[in-house]
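Participant: Structure in C-alpha cells, see below.
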Amino acid sequence: MEVSKEIVIKKQRIGKSENLNVIIHNKKSIIRKIIFFFILLMLILLKKQKLELIKNKILSIFPEHKYKYFSCFCGIARNENLYARELIEHYISLGVEKFYLGDHNLEDTEKLYDVLNDFVDEGIVEIIDLIGKSNYNNRQTDFYAYVYGKHNFECKWMLFLDFDEFLFFSDKNTTKLKQFLSNEKFEKCDSIKINWLIYDDNDLVYYDDRPVVERFTRPLYNNPHNIFVKSIVRGGIIEPIWIINGSPHTPNRYKGNCDSLGVRHKRNTYISNYNYTISYKRHYTTKTIEEFAYKTKRGYCYGKVNYTKRLNHFFYINKYTKEKVAVYKRILNISDSKY
C-alpha cells in the first residue's frame, strides 16, 4: 500500500515537472516567435526605408527632445540658378539654419550645386537630386512629404516655399523667424499660413543682374491671387501631413492650422483672407516678360503648358505692351496668338 503511494507521489512529481517543462518550452517558443517577427519587421522597414519613422516615434515619447535647427527651408527648383543665392542669403538673414532643396532640373541643363557649392560644403544646404527621378516629376507634395518625413525631428519649424517667394515682416520689431514663430499665439498651431503679396514687373522687359527685391518694388495689394498662401509647418508630427495629389500650399493635415495672426481654421484650405499686418511673402511670380517666357519654356510639373494661357496670366498681373508680346513669341518661337 505504501509502495503504491510512493509511486503515485513520484508520478505526480514527474507530471508537475513535465508540465513545468511544457510551460517553459511554450514561453521560449513565444519569445522566439516575438524575436523572429520583430527581426522580420525590422527587415521590412529597412527595405522600405521606414527606419526614420521608427526613430521619430521613439523621439516623440520624449517631450524634452531638442531640435538640431530652429527653422529649415524646403523647396524644389527648376532653372532657378539665377535667383538661388539671393533666396538663400535672404532666408539666412531671417535666421534659417538649414536648407533642403530638390534639384528638379532637366537632363543636360543647369544644376543647383553649380551656384550653391559653398553653402553645400559648409553644411547649410543639402541638395536632393531629383533629375530624371519619376517619383518627383509630377507632384511637388511628394518631395515635401519625403523631406518632412526624413527631417521633421531635426527642425522645429519647416518653411515649404518656392524660389520666387520671399518672406518679410511688417512689424519693424520683428526681424527674425525665431521672434515671429516663438510668439505665444502660435503655441497651438501646427502650421501657419502666410499670404502672398503679388509684385508686378515694374515695367521692365529684360532680365538684369540686380537682386529681385531691388528690381521689383511694386506690390499689387488688390490682386485676387493674394488670397493664396504657403505654409510654415511645425516639426515632430508623426502622421503624414503631405499626401499624393494634395496641395503644395498647405499640409493635408489641418489640425492646428492657423493664419499669420494665430487664428485657428476649422478646415484645411490653401486660401485665406489676406492680412499683411504681421507678415507676408513677396511673390515675384512673373518677373520680366523675358524671364517669364523662359520659365514657361522650361515646363511645369503638372503637365503640358498652354502658352496662350500663360501669357494671359502674365497680363493679368502686368501692363500690356506689344514689345512684351514680341519678346514672349520670339523666345517660345510661336506665331499663333490672339495678341
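Letters A, B, ... go to the chains of the C-alpha cells in the order shown; residues in each chain start at 1; ligands are counted from 1 in the same order.
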Could you list, as a VMD selection string, every residue within 12 Å of Cys155 (chain A), counting only C-alpha atoms and ignoring same-chain residues fewer than 5 positions away?
Facilitator: chain A and resid 65 to 74 96 to 100 147 to 150 232 to 237
Participant: Save out the residues we just selected, C-alpha atoms, as a PDB file, in the first residue's frame.
Facilitator:
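That gives us selection39.pdb:
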ATOM      1  CA  HIS A  65      13.565  66.439 -27.452  1.00  0.00           C
ATOM      2  CA  LYS A  66      15.956  69.135 -28.677  1.00  0.00           C
ATOM      3  CA  TYR A  67      15.817  70.068 -32.334  1.00  0.00           C
ATOM      4  CA  LYS A  68      19.049  70.494 -34.245  1.00  0.00           C
ATOM      5  CA  TYR A  69      17.670  73.539 -36.082  1.00  0.00           C
ATOM      6  CA  PHE A  70      15.019  76.040 -35.106  1.00  0.00           C
ATOM      7  CA  SER A  71      13.967  76.614 -38.722  1.00  0.00           C
ATOM      8  CA  CYS A  72      14.611  74.939 -42.084  1.00  0.00           C
ATOM      9  CA  PHE A  73      13.683  75.808 -45.659  1.00  0.00           C
ATOM     10  CA  CYS A  74      12.295  73.209 -48.049  1.00  0.00           C
ATOM     11  CA  VAL A  96      17.011  79.944 -41.295  1.00  0.00           C
ATOM     12  CA  GLU A  97      19.752  77.467 -40.415  1.00  0.00           C
ATOM     13  CA  LYS A  98      19.269  74.633 -42.917  1.00  0.00           C
ATOM     14  CA  PHE A  99      18.015  74.264 -46.496  1.00  0.00           C
ATOM     15  CA  TYR A 100      16.717  71.076 -48.124  1.00  0.00           C
ATOM     16  CA  VAL A 147      11.735  65.898 -46.703  1.00  0.00           C
ATOM     17  CA  TYR A 148       9.287  66.259 -43.835  1.00  0.00           C
ATOM     18  CA  GLY A 149       9.318  62.533 -43.100  1.00  0.00           C
ATOM     19  CA  LYS A 150      13.111  62.447 -43.017  1.00  0.00           C
ATOM     20  CA  ILE A 232       5.376  77.118 -42.184  1.00  0.00           C
ATOM     21  CA  VAL A 233       4.933  73.697 -40.543  1.00  0.00           C
ATOM     22  CA  ARG A 234       5.870  72.560 -37.049  1.00  0.00           C
ATOM     23  CA  GLY A 235       8.281  69.628 -36.843  1.00  0.00           C
ATOM     24  CA  GLY A 236       7.735  66.498 -34.780  1.00  0.00           C
ATOM     25  CA  ILE A 237       4.370  65.444 -36.221  1.00  0.00           C
TER      26      ILE A 237
END
Participant: Write out as a ChimeraX atom specification each polymer residue whose atoms come within 8 Å of Tyr280 (chain A), counting only C-alpha atoms; drop sequence neighbours fewer than 3 positions from it.
Facilitator: /A:167-170,194-197,275-276
Participant: Could those selected residues go to a file with N, CA and C atoms, as a tab-separated table (two decimals), in the first residue's frame?
Facilitator:
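Saved to selection-v2.tsv:
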chain	number	residue	atom	x	y	z
A	167	LEU	N	9.89	85.84	-47.75
A	167	LEU	CA	9.15	86.20	-46.54
A	167	LEU	C	9.67	87.52	-45.97
A	168	PHE	N	8.72	88.39	-45.58
A	168	PHE	CA	9.04	89.65	-44.92
A	168	PHE	C	8.10	89.85	-43.73
A	169	PHE	N	8.54	90.68	-42.78
A	169	PHE	CA	7.73	91.00	-41.61
A	169	PHE	C	7.33	92.47	-41.67
A	170	SER	N	6.07	92.74	-41.37
A	170	SER	CA	5.56	94.13	-41.37
A	170	SER	C	5.97	94.86	-40.11
A	194	ILE	N	0.93	81.81	-44.58
A	194	ILE	CA	1.43	83.15	-44.88
A	194	ILE	C	0.93	83.55	-46.26
A	195	ASN	N	0.25	84.69	-46.34
A	195	ASN	CA	-0.32	85.12	-47.62
A	195	ASN	C	0.74	85.61	-48.61
A	196	TRP	N	0.40	85.40	-49.88
A	196	TRP	CA	1.16	86.02	-50.96
A	196	TRP	C	0.89	87.52	-50.99
A	197	LEU	N	1.85	88.26	-51.50
A	197	LEU	CA	1.63	89.63	-51.95
A	197	LEU	C	2.30	89.71	-53.32
A	275	ASN	N	-3.93	89.29	-45.02
A	275	ASN	CA	-3.65	90.22	-43.95
A	275	ASN	C	-2.13	90.38	-43.87
A	276	TYR	N	-1.67	91.61	-43.98
A	276	TYR	CA	-0.23	91.86	-44.05
A	276	TYR	C	0.28	92.62	-42.82
Participant: Using only C-alpha atoms, pick whichever of A:Asn79, A:Ser93, A:Asn105, A:Asn223 has the shortest atom-to-atom distance to Leu177 (chain A).
Facilitator: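 For Leu177 (chain A), the nearest of the given residues is A:Ser93.
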Participant: Have a look at CA of Thr286 (chain A) and CA of Ile334 (chain A) and let me know their distance in Å, one decimal.
Facilitator: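 Atom-to-atom, CA of Thr286 (chain A) to CA of Ile334 (chain A), that is 19.3 Å.
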Participant: Show which residues sit within 12 Å of Leu332 (chain A), as a list of chain:residue names. Count only C-alpha atoms, and ignore same-chain residues fewer than 6 positions away.
Facilitator: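 Non-adjacent residues within range: A:Ile289, A:Glu290, A:Glu291, A:Phe292, A:Ala293, A:Tyr294, A:Lys295, A:Thr296, A:Lys297, A:Arg298, A:Gly299, A:Val305, A:Asn306, A:Tyr307, A:Thr308, A:Arg310, A:Leu311, A:Val325, A:Ala326.
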Participant: Excluding same-chain residues fewer than 2 positions from Glu89 (chain A), what lies within 12 Å of it counting only C-alpha atoms, as a ChimeraX atom specification?
Facilitator: /A:73,83-87,91-99,116,119,124-125,166,211
Participant: Nearest to Ile317 (chain A): which of A:His90, A:Arg330, A:His283, A:Lys255 is it, counting only C-alpha atoms?
Facilitator: A:His283
Participant: Identify, on the basis of only C-alpha atoms, every residue whose closest approach to Asp201 (chain A) does not exceed 8 Å; exclude the query and any residue fewer than 3 positions from it along the same chain; express the result as a PyMOL selection string.
Facilitator: chain A and resi 204-205+216+218+286-289+318
Participant: Work out how far CA of Asp259 (chain A) is from CA of Val213 (chain A), in Å to one decimal.
Facilitator: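 One can read the CA of Val213 (chain A) to CA of Asp259 (chain A) distance as 24.6 Å.
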Participant: Looking at A:Ile34, A:Ile131, A:Met158, A:Val263, which one is nearest to Thr109 (chain A), with distances taken over only C-alpha atoms?
Facilitator: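 Result for the nearest residue to Thr109 (chain A): A:Ile131.
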Participant: DSSP on the backbone, then: every residue of region 88-269 of chain A marked strand (DSSP E or B), written as a ChimeraX atom specification.
Facilitator: /A:98-103,125-129,155-160,165-169,191-199,219,228-234,257-259,264
Participant: Check the DSSP output for the backbone and give back, as JSON, numbers by chain, the residues of region 56-227 of chain A in helix (DSSP H, G or I).
Facilitator: {"A": [56, 57, 58, 59, 60, 81, 82, 83, 84, 85, 86, 87, 88, 89, 90, 91, 92, 93, 94, 113, 114, 115, 116, 117, 118, 119, 120, 121, 134, 135, 136, 140, 141, 142, 143, 144, 145, 146, 147, 148, 149, 150, 151, 177, 178, 179, 180, 181, 184, 185, 186, 212, 213, 214, 215, 224, 225, 226, 227]}
Participant: Rank A:Lys188, A:Lys178, A:His104, A:Lys324 by their smallest atom-to-atom distance to Gln140 (chain A), using only C-alpha atoms, and report the top residue only.
Facilitator: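 Once distances to Gln140 (chain A) are computed over only C-alpha atoms, the minimum belongs to A:His104.
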Participant: Quick one: pull the distance between CA of Lys111 (chain A) and CA of Gly75 (chain A), Å, one decimal.
Facilitator: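 Pair CA of Lys111 (chain A) / CA of Gly75 (chain A) returns 14.6 Å.
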Participant: Restricting the calculation to only C-alpha atoms: of A:Phe186, A:Phe228, A:Tyr221, A:Tyr207, which residue gets closest to Pro248 (chain A)?
Facilitator: A:Phe228
